[in-house]
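K.L.:
Take a look at work-v7.pdb, PDB, C-alpha atoms and all ligand atoms:
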```pdb
MODEL        1
ATOM      1  CA  MET A   3       0.000   0.000   0.000
ATOM      2  CA  SER A   4       3.006   2.298   0.559
ATOM      3  CA  GLY A   5       3.972   1.741  -3.092
ATOM      4  CA  VAL A   6       0.421   2.310  -4.324
ATOM      5  CA  GLU A   7       0.169   5.569  -2.405
ATOM      6  CA  ALA A   8       3.596   6.712  -3.695
ATOM      7  CA  ALA A   9       2.576   5.906  -7.300
ATOM      8  CA  TYR A  10      -0.661   7.843  -6.801
ATOM      9  CA  ARG A  11       1.224  10.920  -5.624
ATOM     10  CA  ALA A  12       3.614  10.734  -8.597
ATOM     11  CA  LEU A  13       0.771  10.345 -11.128
ATOM     12  CA  LYS A  14      -1.203  13.132  -9.466
ATOM     13  CA  LYS A  15       1.788  15.465  -9.716
ATOM     14  CA  LYS A  16       2.022  14.739 -13.451
ATOM     15  CA  GLY A  17      -1.697  15.428 -13.825
ATOM     16  CA  MET A  18      -2.435  11.826 -14.835
ATOM     17  CA  ILE A  19      -4.823  11.339 -11.891
ATOM     18  CA  LYS A  20      -7.236  14.119 -11.032
ATOM     19  CA  LYS A  21      -9.311  12.424  -8.339
ATOM     20  CA  ASP A  22      -8.645  12.796  -4.629
ATOM     21  CA  LEU A  23      -8.123   9.236  -3.362
ATOM     22  CA  ARG A  24      -7.666   7.642   0.069
ATOM     23  CA  PHE A  25      -5.847   4.368   0.786
ATOM     24  CA  ILE A  26      -6.752   1.717   3.348
ATOM     25  CA  ALA A  27      -4.728  -1.411   4.175
ATOM     26  CA  PHE A  28      -6.157  -4.273   6.248
ATOM     27  CA  GLY A  29      -4.258  -6.916   8.199
ATOM     28  CA  GLY A  30      -4.994  -9.401  10.965
ATOM     29  CA  ASP A  31      -3.103  -9.304  14.271
ATOM     30  CA  GLY A  32      -0.718 -12.042  13.081
ATOM     31  CA  GLY A  33      -0.213 -10.195   9.807
ATOM     32  CA  THR A  34       0.378  -6.909  11.619
ATOM     33  CA  TYR A  35       1.867  -7.500  15.104
ATOM     34  CA  ASP A  36       4.255 -10.185  13.770
ATOM     35  CA  ILE A  37       4.591 -10.739  10.017
ATOM     36  CA  GLY A  38       4.062  -7.210   8.682
ATOM     37  CA  LEU A  39       5.509  -5.135  11.519
ATOM     38  CA  GLN A  40       8.468  -3.884   9.498
ATOM     39  CA  SER A  41       6.363  -2.739   6.526
ATOM     40  CA  LEU A  42       3.903  -1.017   8.865
ATOM     41  CA  SER A  43       6.769   0.769  10.609
ATOM     42  CA  GLY A  44       8.249   1.825   7.248
ATOM     43  CA  MET A  45       4.897   3.054   5.973
ATOM     44  CA  ILE A  46       4.464   5.363   8.958
ATOM     45  CA  GLU A  47       8.078   6.537   9.079
ATOM     46  CA  ARG A  48       7.974   7.501   5.376
ATOM     47  CA  ARG A  49       4.702   9.356   6.071
ATOM     48  CA  HIS A  50       2.571   7.591   3.452
ATOM     49  CA  ARG A  51      -0.991   8.825   3.692
ATOM     50  CA  VAL A  52      -2.531   5.405   4.326
ATOM     51  CA  LEU A  53      -5.022   4.244   6.929
ATOM     52  CA  TYR A  54      -3.824   0.900   8.292
ATOM     53  CA  VAL A  55      -6.566  -1.162   9.970
ATOM     54  CA  CYS A  56      -5.571  -4.076  12.182
ATOM     55  CA  TYR A  57      -8.372  -6.630  12.538
ATOM     56  CA  ASN A  58      -7.329  -7.919  15.937
ATOM     57  CA  ASN A  59      -8.808 -11.241  17.075
ATOM     58  CA  GLU A  60      -5.738 -12.063  19.187
ATOM     59  CA  ALA A  61      -4.477 -15.120  17.257
ATOM     60  CA  TYR A  62      -3.753 -16.586  13.813
ATOM     61  CA  MET A  63      -7.334 -17.744  13.304
ATOM     62  CA  ASN A  64      -7.468 -18.543   9.570
ATOM     63  CA  THR A  65      -4.691 -21.137   9.890
ATOM     64  CA  GLY A  66      -6.237 -22.875  12.926
ATOM     65  CA  ILE A  67      -5.878 -20.723  16.052
ATOM     66  CA  GLN A  68      -2.146 -20.309  16.672
ATOM     67  CA  ARG A  69      -0.785 -17.800  19.202
ATOM     68  CA  SER A  70       0.407 -14.422  17.924
ATOM     69  CA  SER A  71       2.165 -11.636  19.830
ATOM     70  CA  ALA A  72      -1.331 -10.121  20.258
ATOM     71  CA  THR A  73      -2.567 -13.207  22.153
ATOM     72  CA  PRO A  74      -2.995 -12.389  25.865
ATOM     73  CA  ARG A  75      -1.437 -14.241  28.760
ATOM     74  CA  GLY A  76      -3.442 -17.327  29.762
ATOM     75  CA  ALA A  77      -5.202 -17.857  26.422
ATOM     76  CA  HIS A  78      -5.346 -21.403  25.079
ATOM     77  CA  THR A  79      -4.309 -21.694  21.406
ATOM     78  CA  THR A  80      -2.983 -24.676  19.428
ATOM     79  CA  THR A  81       0.593 -23.412  19.908
ATOM     80  CA  SER A  82       0.085 -22.322  23.534
ATOM     81  CA  PRO A  83      -2.041 -25.278  24.643
ATOM     82  CA  ALA A  84      -3.384 -25.303  28.188
ATOM     83  CA  GLY A  85      -2.534 -28.579  29.961
ATOM     84  CA  THR A  86      -0.737 -29.723  33.063
ATOM     85  CA  GLU A  87       2.536 -27.919  32.192
ATOM     86  CA  ILE A  88       1.388 -24.475  31.035
ATOM     87  CA  PRO A  89      -1.810 -22.465  31.637
ATOM     88  CA  GLY A  90      -2.139 -21.350  28.004
ATOM     89  CA  LYS A  91       0.149 -18.604  26.666
ATOM     90  CA  ILE A  92       2.750 -17.728  29.257
ATOM     91  CA  GLN A  93       3.863 -14.350  27.870
ATOM     92  CA  LEU A  94       2.099 -10.987  28.002
ATOM     93  CA  ARG A  95       0.842  -9.498  24.736
ATOM     94  CA  LYS A  96       2.669  -6.898  22.687
ATOM     95  CA  ASN A  97       1.286  -3.367  22.852
ATOM     96  CA  LEU A  98       1.285  -2.562  19.143
ATOM     97  CA  THR A  99      -0.746   0.635  19.427
ATOM     98  CA  GLU A 100       2.008   2.136  21.599
ATOM     99  CA  ILE A 101       4.690   0.968  19.144
ATOM    100  CA  VAL A 102       2.781   2.748  16.369
ATOM    101  CA  ILE A 103       2.391   5.877  18.538
ATOM    102  CA  ALA A 104       6.174   5.940  19.037
ATOM    103  CA  HIS A 105       6.375   6.676  15.281
ATOM    104  CA  GLU A 106       4.287   9.873  15.775
ATOM    105  CA  PRO A 107       1.615   9.014  13.182
ATOM    106  CA  ALA A 108      -0.943  11.657  12.166
ATOM    107  CA  TYR A 109      -3.596   9.623  13.982
ATOM    108  CA  ALA A 110      -3.741   6.339  15.954
ATOM    109  CA  ALA A 111      -6.563   4.702  17.890
ATOM    110  CA  GLN A 112      -7.925   1.562  19.490
ATOM    111  CA  THR A 113     -11.587   0.714  19.004
ATOM    112  CA  THR A 114     -13.904  -2.293  18.895
ATOM    113  CA  ILE A 115     -16.983  -3.546  17.058
ATOM    114  CA  GLY A 116     -19.087  -3.368  20.263
ATOM    115  CA  TYR A 117     -18.946   0.452  20.199
ATOM    116  CA  TRP A 118     -19.796   1.020  16.534
ATOM    117  CA  ASN A 119     -20.186   4.774  16.952
ATOM    118  CA  ASP A 120     -16.666   5.010  18.379
ATOM    119  CA  LEU A 121     -15.403   2.897  15.478
ATOM    120  CA  VAL A 122     -17.090   4.971  12.742
ATOM    121  CA  THR A 123     -15.917   8.273  14.272
ATOM    122  CA  LYS A 124     -12.327   7.046  14.451
ATOM    123  CA  VAL A 125     -12.298   5.776  10.867
ATOM    124  CA  ARG A 126     -13.539   9.194   9.665
ATOM    125  CA  LYS A 127     -10.860  10.979  11.700
ATOM    126  CA  ALA A 128      -8.161   8.629  10.447
ATOM    127  CA  LEU A 129      -9.153   9.165   6.802
ATOM    128  CA  ASP A 130      -9.130  12.939   7.295
ATOM    129  CA  ALA A 131      -5.715  12.903   8.976
ATOM    130  CA  ASP A 132      -3.009  14.453   6.826
ATOM    131  CA  GLY A 133      -0.528  11.577   7.079
ATOM    132  CA  PRO A 134      -0.246   7.941   8.152
ATOM    133  CA  SER A 135      -2.981   6.652  10.436
ATOM    134  CA  PHE A 136      -3.590   3.418  12.319
ATOM    135  CA  ILE A 137      -6.646   1.821  13.928
ATOM    136  CA  ASN A 138      -6.454  -1.326  16.052
ATOM    137  CA  ILE A 139      -9.931  -2.925  16.062
ATOM    138  CA  TYR A 140     -10.610  -5.486  18.778
ATOM    139  CA  SER A 141     -12.732  -8.159  17.081
ATOM    140  CA  PRO A 142     -13.882 -11.198  19.106
ATOM    141  CA  CYS A 143     -13.610 -14.570  17.308
ATOM    142  CA  ARG A 144     -16.294 -16.959  18.425
ATOM    143  CA  LEU A 145     -14.390 -20.066  17.302
ATOM    144  CA  GLY A 146     -10.937 -19.146  18.592
ATOM    145  CA  TRP A 147     -12.212 -17.569  21.823
ATOM    146  CA  ALA A 148     -14.809 -20.346  22.206
ATOM    147  CA  TYR A 149     -18.076 -18.633  23.092
ATOM    148  CA  VAL A 150     -21.561 -18.667  21.551
ATOM    149  CA  PRO A 151     -21.843 -16.277  18.560
ATOM    150  CA  GLU A 152     -24.712 -14.227  19.998
ATOM    151  CA  LYS A 153     -22.374 -13.076  22.789
ATOM    152  CA  THR A 154     -20.012 -11.309  20.358
ATOM    153  CA  ILE A 155     -21.113  -7.769  21.236
ATOM    154  CA  LYS A 156     -21.273  -8.590  24.959
ATOM    155  CA  VAL A 157     -17.713  -9.961  24.892
ATOM    156  CA  SER A 158     -16.514  -6.921  22.946
ATOM    157  CA  LYS A 159     -18.154  -4.536  25.461
ATOM    158  CA  LEU A 160     -16.755  -6.425  28.455
ATOM    159  CA  ALA A 161     -13.243  -5.949  27.079
ATOM    160  CA  ILE A 162     -13.836  -2.198  27.441
ATOM    161  CA  GLU A 163     -15.642  -2.394  30.826
ATOM    162  CA  THR A 164     -12.743  -4.397  32.300
ATOM    163  CA  CYS A 165     -10.172  -2.063  30.640
ATOM    164  CA  ILE A 166      -8.640  -5.070  28.880
ATOM    165  CA  TRP A 167      -9.015  -3.034  25.678
ATOM    166  CA  PRO A 168      -9.060   0.706  26.393
ATOM    167  CA  LEU A 169     -10.756   2.847  23.748
ATOM    168  CA  TYR A 170      -8.484   5.791  23.090
ATOM    169  CA  GLU A 171      -6.879   7.882  20.391
ATOM    170  CA  TYR A 172      -3.621   9.728  19.874
ATOM    171  CA  GLU A 173      -3.302  12.900  17.841
ATOM    172  CA  ASN A 174      -0.787  15.781  17.833
ATOM    173  CA  GLY A 175       1.080  14.440  20.848
ATOM    174  CA  LYS A 176      -2.109  14.057  22.921
ATOM    175  CA  TYR A 177      -3.852  10.982  24.301
ATOM    176  CA  ARG A 178      -7.634  10.945  24.716
ATOM    177  CA  ILE A 179      -9.730   8.144  26.231
ATOM    178  CA  THR A 180     -12.914   8.057  24.138
ATOM    179  CA  VAL A 181     -15.013   5.666  26.290
ATOM    180  CA  LYS A 182     -14.375   5.542  30.044
ATOM    181  CA  PRO A 183     -16.134   2.682  31.860
ATOM    182  CA  LYS A 184     -18.413   3.846  34.692
ATOM    183  CA  GLU A 185     -16.985   1.157  36.982
ATOM    184  CA  LYS A 186     -13.908  -0.870  36.140
ATOM    185  CA  LYS A 187     -14.928  -4.547  36.289
ATOM    186  CA  PRO A 188     -12.495  -7.344  37.233
ATOM    187  CA  ILE A 189     -11.094  -9.130  34.158
ATOM    188  CA  THR A 190     -12.633 -12.432  35.326
ATOM    189  CA  GLU A 191     -16.013 -11.131  34.067
ATOM    190  CA  PHE A 192     -14.513 -11.072  30.573
ATOM    191  CA  LEU A 193     -12.463 -14.269  30.933
ATOM    192  CA  ASN A 194     -15.205 -16.535  32.251
ATOM    193  CA  LEU A 195     -17.353 -16.105  29.126
ATOM    194  CA  GLN A 196     -14.709 -17.702  26.919
ATOM    195  CA  GLY A 197     -13.505 -21.272  26.529
ATOM    196  CA  ARG A 198      -9.953 -20.093  25.723
ATOM    197  CA  PHE A 199      -9.590 -19.059  29.389
ATOM    198  CA  GLY A 200     -11.712 -21.863  30.960
ATOM    199  CA  HIS A 201      -8.664 -23.750  32.325
ATOM    200  CA  LEU A 202      -7.547 -20.679  34.323
ATOM    201  CA  PHE A 203     -10.487 -21.130  36.703
ATOM    202  CA  LYS A 204      -9.356 -24.712  37.448
ATOM    203  CA  TRP A 205      -5.605 -23.980  37.570
ATOM    204  CA  HIS A 206      -3.783 -24.796  40.842
ATOM    205  CA  ASP A 207      -3.130 -21.112  41.560
ATOM    206  CA  ASP A 208      -4.448 -17.723  40.461
ATOM    207  CA  VAL A 209      -1.077 -16.428  39.234
ATOM    208  CA  PRO A 210      -1.973 -16.280  35.500
ATOM    209  CA  ILE A 211      -5.193 -14.325  36.183
ATOM    210  CA  LYS A 212      -3.422 -12.049  38.682
ATOM    211  CA  GLU A 213      -0.595 -11.307  36.241
ATOM    212  CA  TYR A 214      -3.030 -10.516  33.429
ATOM    213  CA  GLN A 215      -5.023  -8.259  35.803
ATOM    214  CA  ALA A 216      -1.802  -6.497  36.878
ATOM    215  CA  GLU A 217      -0.853  -5.864  33.247
ATOM    216  CA  VAL A 218      -4.333  -4.471  32.482
ATOM    217  CA  ASP A 219      -4.211  -2.210  35.586
ATOM    218  CA  MET A 220      -0.726  -0.912  34.783
ATOM    219  CA  ILE A 221      -1.603  -0.018  31.180
ATOM    220  CA  TRP A 222      -4.936   1.563  32.211
ATOM    221  CA  GLU A 223      -3.311   3.686  34.968
ATOM    222  CA  ARG A 224      -0.617   4.840  32.571
ATOM    223  CA  LEU A 225      -3.258   5.771  29.996
ATOM    224  CA  LEU A 226      -5.220   7.776  32.587
ATOM    225  CA  LYS A 227      -2.055   9.723  33.408
ATOM    226  CA  ARG A 228      -1.132  10.307  29.769
ATOM    227  CA  SER A 229      -4.639  11.441  28.838
ATOM    228  CA  ALA A 230      -4.603  13.948  31.729
ATOM    229  CA  GLU A 231      -1.386  15.627  30.481
TER     230      GLU A 231
HETATM  231  C1  LIG B 301       3.869 -13.812   4.779
HETATM  232  C2  LIG B 301       2.847 -14.878   5.108
HETATM  233  N1  LIG B 301       3.125 -15.792   6.059
HETATM  234  C3  LIG B 301       2.237 -16.743   6.366
HETATM  235  C4  LIG B 301       1.041 -16.801   5.697
HETATM  236  C5  LIG B 301       0.040 -17.911   5.996
HETATM  237  N2  LIG B 301      -1.160 -17.423   6.624
HETATM  238  C6  LIG B 301      -2.330 -17.259   5.966
HETATM  239  S1  LIG B 301      -3.570 -16.737   6.942
HETATM  240  C7  LIG B 301      -2.586 -16.749   8.295
HETATM  241  C8  LIG B 301      -3.165 -16.368   9.643
HETATM  242  C9  LIG B 301      -3.156 -14.907   9.816
HETATM  243  O1  LIG B 301      -3.577 -14.560  11.116
HETATM  244  P1  LIG B 301      -4.088 -13.108  11.366
HETATM  245  O2  LIG B 301      -3.251 -12.138  10.617
HETATM  246  O3  LIG B 301      -4.203 -12.898  12.837
HETATM  247  O4  LIG B 301      -5.542 -13.111  10.677
HETATM  248  P2  LIG B 301      -6.855 -13.943  11.129
HETATM  249  O5  LIG B 301      -6.865 -15.220  10.367
HETATM  250  O6  LIG B 301      -6.790 -14.170  12.607
HETATM  251  O7  LIG B 301      -7.997 -13.030  10.780
HETATM  252  C10 LIG B 301      -1.276 -17.138   7.972
HETATM  253  C11 LIG B 301      -0.153 -17.274   8.910
HETATM  254  C12 LIG B 301       0.790 -15.836   4.689
HETATM  255  N3  LIG B 301      -0.346 -15.819   4.001
HETATM  256  N4  LIG B 301       1.704 -14.906   4.409
HETATM  257 MG    MG B 302      -5.944 -12.875  13.991
ENDMDL
END
```
Once you've parsed the file, please lay out its structure as structure tokens.
P.N.:
Amino acid sequence: MSGVEAAYRALKKKGMIKKDLRFIAFGGDGGTYDIGLQSLSGMIERRHRVLYVCYNNEAYMNTGIQRSSATPRGAHTTTSPAGTEIPGKIQLRKNLTEIVIAHEPAYAAQTTIGYWNDLVTKVRKALDADGPSFINIYSPCRLGWAYVPEKTIKVSKLAIETCIWPLYEYENGKYRITVKPKEKKPITEFLNLQGRFGHLFKWHDDVPIKEYQAEVDMIWERLLKRSAE
């Protein structure tokens, strides 16, 4: 997409394209957090005017539910299988939105399908931004997360109410939280709806849940501070 946008600018300069066009690239979390990280970084650093959308379902789903660096601690996947030795994935997830923000893009945000108004507003802002933009969309996967399909919106909303997935944006050096939960729920309310975390409630200790909660709290507190600056 960087090349397409560069070709567009060259053709526009020569008068061979008259229309005003926008460019959008889509990638999954595996395709973005892991496989395509270097091209995403290059796209932003070279200031291509592209909106990059990450469809984040926290694993390589199309190939059969393998862990990615977006998969959270404790989640069962086929390459981080919960059993007697490990309680699902043992590492914390990568914070890609913050890595993108470190590039000083024109616009960056996290959103989710459960707050469609938030999502639509952010896409409009990102397309209007005069430079590279990035949106990380939290998208529950009923097969990989193992819950009944009609709970998709509920699961998506609980990720925000527990602060597992804060809804915020970054523009011109400023952070803004776009949806603040009225009361911050414990992450167990999100975890216990999904089969991928089922083993955690039978595990011999509560360390994996506690560590995930501590990570969520730390990132949320930091975001509150940054958005108050
Ligand atoms: C460079 C590259 N490596 C590996 C693959 C094989 N592959 C196809 S789909 C897929 C899973 C991608 O996972 P993700 O990006 O999270 O998308 P999801 O299926 O979860 O929506 C992989 C690894 C590929 N297509 N291209
Ligand atoms: Mg995925």
K.L.:
Compute the set of protein, DNA and RNA residues whose minimum atom distance to ligand MG 302 (chain B) is at most 7 Å, using all atoms listed in the file, and state it as a list in words.
P.N.:
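Going residue by residue within 7 Å of ligand MG 302 (chain B), we get Gly30, Asp31, Gly32, Tyr57, Asn58, Asn59, Glu60, Ala61, Tyr62 and Met63 of chain A.
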K.L.:
May I have the protein, DNA and RNA residues with any atom at most 12 Å from the point (8.7, 4.9, 11.5), counting all atoms listed in the file, written as number ranges by chain?
P.N.:
A: 39-50, 101-108, 134-135
K.L.:
Which residues fall under the PyMOL selection byres (((chain A and resi 200) around 12) and not hetatm) in this file, as a list in words?
P.N.:
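For this structure, the PyMOL selection byres (((chain A and resi 200) around 12) and not hetatm) captures Gly76, Ala77, His78, Ala84, Gly85, Pro89, Gly90, Trp147, Ala148, Tyr149, Thr190, Glu191, Phe192, Leu193, Asn194, Leu195, Gln196, Gly197, Arg198, Phe199, His201, Leu202, Phe203, Lys204, Trp205 and Ile211 of chain A.
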K.L.:
Within 8 Å of segment 158-166 of chain A, counting only C-alpha atoms, which residues show up once you throw out same-chain ones fewer than 3 positions away? Write them as number ranges by chain, please.
P.N.:
A: 114-117, 140-142, 154-155, 169, 183-189, 191-192, 218-219, 222
K.L.:
So which residues are close to (2.0, -18.9, 28.3), meaning at most 10 Å away in the file's coordinates with only C-alpha atoms counted, and can you show them as a ChimeraX atom specification?
P.N.:
/A:69,73-79,81-84,87-94,210
K.L.:
Given the selection you just returned, output its residues as a file containing C-alpha atoms, formatted as an mmCIF file, keeping the file's coordinate frame.
P.N.:
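Heads up, here's the output in out.cif:
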```cif
data_model
loop_
_atom_site.group_PDB
_atom_site.id
_atom_site.type_symbol
_atom_site.label_atom_id
_atom_site.label_comp_id
_atom_site.auth_asym_id
_atom_site.auth_seq_id
_atom_site.Cartn_x
_atom_site.Cartn_y
_atom_site.Cartn_z
ATOM 1 C CA ARG A 69 -0.785 -17.800 19.202
ATOM 2 C CA THR A 73 -2.567 -13.207 22.153
ATOM 3 C CA PRO A 74 -2.995 -12.389 25.865
ATOM 4 C CA ARG A 75 -1.437 -14.241 28.760
ATOM 5 C CA GLY A 76 -3.442 -17.327 29.762
ATOM 6 C CA ALA A 77 -5.202 -17.857 26.422
ATOM 7 C CA HIS A 78 -5.346 -21.403 25.079
ATOM 8 C CA THR A 79 -4.309 -21.694 21.406
ATOM 9 C CA THR A 81 0.593 -23.412 19.908
ATOM 10 C CA SER A 82 0.085 -22.322 23.534
ATOM 11 C CA PRO A 83 -2.041 -25.278 24.643
ATOM 12 C CA ALA A 84 -3.384 -25.303 28.188
ATOM 13 C CA GLU A 87 2.536 -27.919 32.192
ATOM 14 C CA ILE A 88 1.388 -24.475 31.035
ATOM 15 C CA PRO A 89 -1.810 -22.465 31.637
ATOM 16 C CA GLY A 90 -2.139 -21.350 28.004
ATOM 17 C CA LYS A 91 0.149 -18.604 26.666
ATOM 18 C CA ILE A 92 2.750 -17.728 29.257
ATOM 19 C CA GLN A 93 3.863 -14.350 27.870
ATOM 20 C CA LEU A 94 2.099 -10.987 28.002
ATOM 21 C CA PRO A 210 -1.973 -16.280 35.500
#
```
K.L.:
With all atoms listed in the file as the atoms that count, which of A:Gly66, A:Pro151, A:Gly5, A:Gly175 lies nearest to ligand LIG 301 (chain B)?
P.N.:
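The answer is A:Gly66, which sits nearest to ligand LIG 301 (chain B).
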K.L.:
In Å to one decimal, how far is atom CA of Ala27 of chain A from atom CA of Leu53 of chain A?
P.N.:
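Interatomic distance here is 6.3 Å.
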K.L.:
List the residues matched by the PyMOL selection byres (((chain A and resi 225) around 9) and not hetatm) in the displayed structure as a list in words, ordered by chain and then by residue number.
P.N.:
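Evaluating the PyMOL selection byres (((chain A and resi 225) around 9) and not hetatm) on these coordinates yields Pro168, Tyr170, Tyr177, Arg178, Ile179, Met220, Ile221, Trp222, Glu223, Arg224, Leu226, Lys227, Arg228, Ser229 and Ala230 of chain A.
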K.L.:
If I take atom CA of Thr113 of chain A and atom CA of Asn138 of chain A, how far is one from the other in Å, to one decimal?
P.N.:
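Between atom CA of Thr113 of chain A and atom CA of Asn138 of chain A the gap works out to 6.3 Å.
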K.L.:
Closest to Lys127 of chain A among A:Glu173, A:Lys14, A:Arg95, A:Asp36, using only C-alpha atoms?
P.N.:
A:Glu173
K.L.:
Tell me which of A:Phe136, A:Phe28, A:Tyr172, A:Trp167 sits closest to ligand LIG 301 (chain B), counting all atoms listed in the file.
P.N.:
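Among the listed residues, the smallest separation from ligand LIG 301 (chain B) belongs to A:Phe28.
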K.L.:
Go ahead and fit an axis-aligned box to every listed atom of ligand LIG 301 (chain B) plus 4 Å each side, and pass me the centre and edge lengths in Å, one decimal, as AutoDock Vina command-line options.
P.N.:
```
--center_x -2.1 --center_y -15.0 --center_z 8.4 --size_x 19.9 --size_y 13.8 --size_z 16.8
```
K.L.:
How far is it from atom CA of Asp22 of chain A to atom CA of Gly38 of chain A, in Å with one decimal?
P.N.:
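Separation between atom CA of Asp22 of chain A and atom CA of Gly38 of chain A: 27.2 Å.
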K.L.:
Under the rule that only C-alpha atoms and all ligand atoms are counted, which of A:Ala9, A:Val55, A:Ile26, A:Val209 is the nearest residue to ligand LIG 301 (chain B)?
P.N.:
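Once distances to ligand LIG 301 (chain B) are computed over only C-alpha atoms and all ligand atoms, the minimum belongs to A:Val55.
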K.L.:
Pick out the closest residue to ligand LIG 301 (chain B) from this set: A:Asp132, A:Thr180, A:Gly33, A:Val125. Count only C-alpha atoms and all ligand atoms.
P.N.:
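Closest to ligand LIG 301 (chain B), using only C-alpha atoms and all ligand atoms: A:Gly33.
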K.L.:
Between A:Ala8, A:Val122, A:Val157, A:Leu129, which residue has the minimum interatomic distance to Cys143 of chain A, considering all atoms listed in the file?
P.N.:
A:Val157
K.L.:
Complete segment 192-213 of chain A at the level of N, CA and C atoms, written as a compact mmCIF listing (two decimals), keeping the file's coordinate frame.
P.N.:
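In the end it all went to rebuild.txt:
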```txt
# COMPACT_ATOMS: atom_id res chain seq x y z
N PHE A 192 -14.78 -10.91 32.00
CA PHE A 192 -14.51 -11.07 30.57
C PHE A 192 -14.01 -12.49 30.30
N LEU A 193 -13.11 -12.97 31.16
CA LEU A 193 -12.46 -14.27 30.93
C LEU A 193 -13.45 -15.43 31.03
N ASN A 194 -14.37 -15.35 31.99
CA ASN A 194 -15.20 -16.54 32.25
C ASN A 194 -16.29 -16.77 31.20
N LEU A 195 -16.40 -15.88 30.23
CA LEU A 195 -17.35 -16.10 29.13
C LEU A 195 -16.74 -16.92 28.00
N GLN A 196 -15.41 -17.12 28.07
CA GLN A 196 -14.71 -17.70 26.92
C GLN A 196 -13.96 -18.98 27.24
N GLY A 197 -14.18 -19.98 26.37
CA GLY A 197 -13.50 -21.27 26.53
C GLY A 197 -11.99 -21.17 26.51
N ARG A 198 -11.43 -20.18 25.81
CA ARG A 198 -9.95 -20.09 25.72
C ARG A 198 -9.31 -19.81 27.08
N PHE A 199 -10.11 -19.33 28.04
CA PHE A 199 -9.59 -19.06 29.39
C PHE A 199 -10.15 -20.02 30.44
N GLY A 200 -11.01 -20.97 30.02
CA GLY A 200 -11.71 -21.86 30.96
C GLY A 200 -10.78 -22.55 31.96
N HIS A 201 -9.62 -23.03 31.47
CA HIS A 201 -8.66 -23.75 32.33
C HIS A 201 -8.12 -22.89 33.47
N LEU A 202 -8.12 -21.57 33.29
CA LEU A 202 -7.55 -20.68 34.32
C LEU A 202 -8.33 -20.77 35.63
N PHE A 203 -9.64 -21.07 35.51
CA PHE A 203 -10.49 -21.13 36.70
C PHE A 203 -10.32 -22.46 37.44
N LYS A 204 -9.62 -23.42 36.78
CA LYS A 204 -9.36 -24.71 37.45
C LYS A 204 -7.86 -24.86 37.76
N TRP A 205 -7.06 -23.91 37.39
CA TRP A 205 -5.60 -23.98 37.57
C TRP A 205 -5.27 -24.02 39.07
N HIS A 206 -4.10 -24.61 39.43
CA HIS A 206 -3.78 -24.80 40.84
C HIS A 206 -3.50 -23.50 41.59
N ASP A 207 -3.25 -22.40 40.88
CA ASP A 207 -3.13 -21.11 41.56
C ASP A 207 -3.74 -20.01 40.68
N ASP A 208 -3.82 -18.80 41.24
CA ASP A 208 -4.45 -17.72 40.46
C ASP A 208 -3.41 -16.77 39.85
N VAL A 209 -2.16 -17.27 39.75
CA VAL A 209 -1.08 -16.43 39.23
C VAL A 209 -1.35 -15.92 37.80
N PRO A 210 -1.76 -16.80 36.86
CA PRO A 210 -1.97 -16.28 35.50
C PRO A 210 -3.03 -15.18 35.44
N ILE A 211 -4.14 -15.35 36.18
CA ILE A 211 -5.19 -14.32 36.18
C ILE A 211 -4.67 -13.05 36.84
N LYS A 212 -3.96 -13.22 37.96
CA LYS A 212 -3.42 -12.05 38.68
C LYS A 212 -2.44 -11.27 37.82
N GLU A 213 -1.59 -12.00 37.08
CA GLU A 213 -0.60 -11.31 36.24
C GLU A 213 -1.27 -10.57 35.09
```
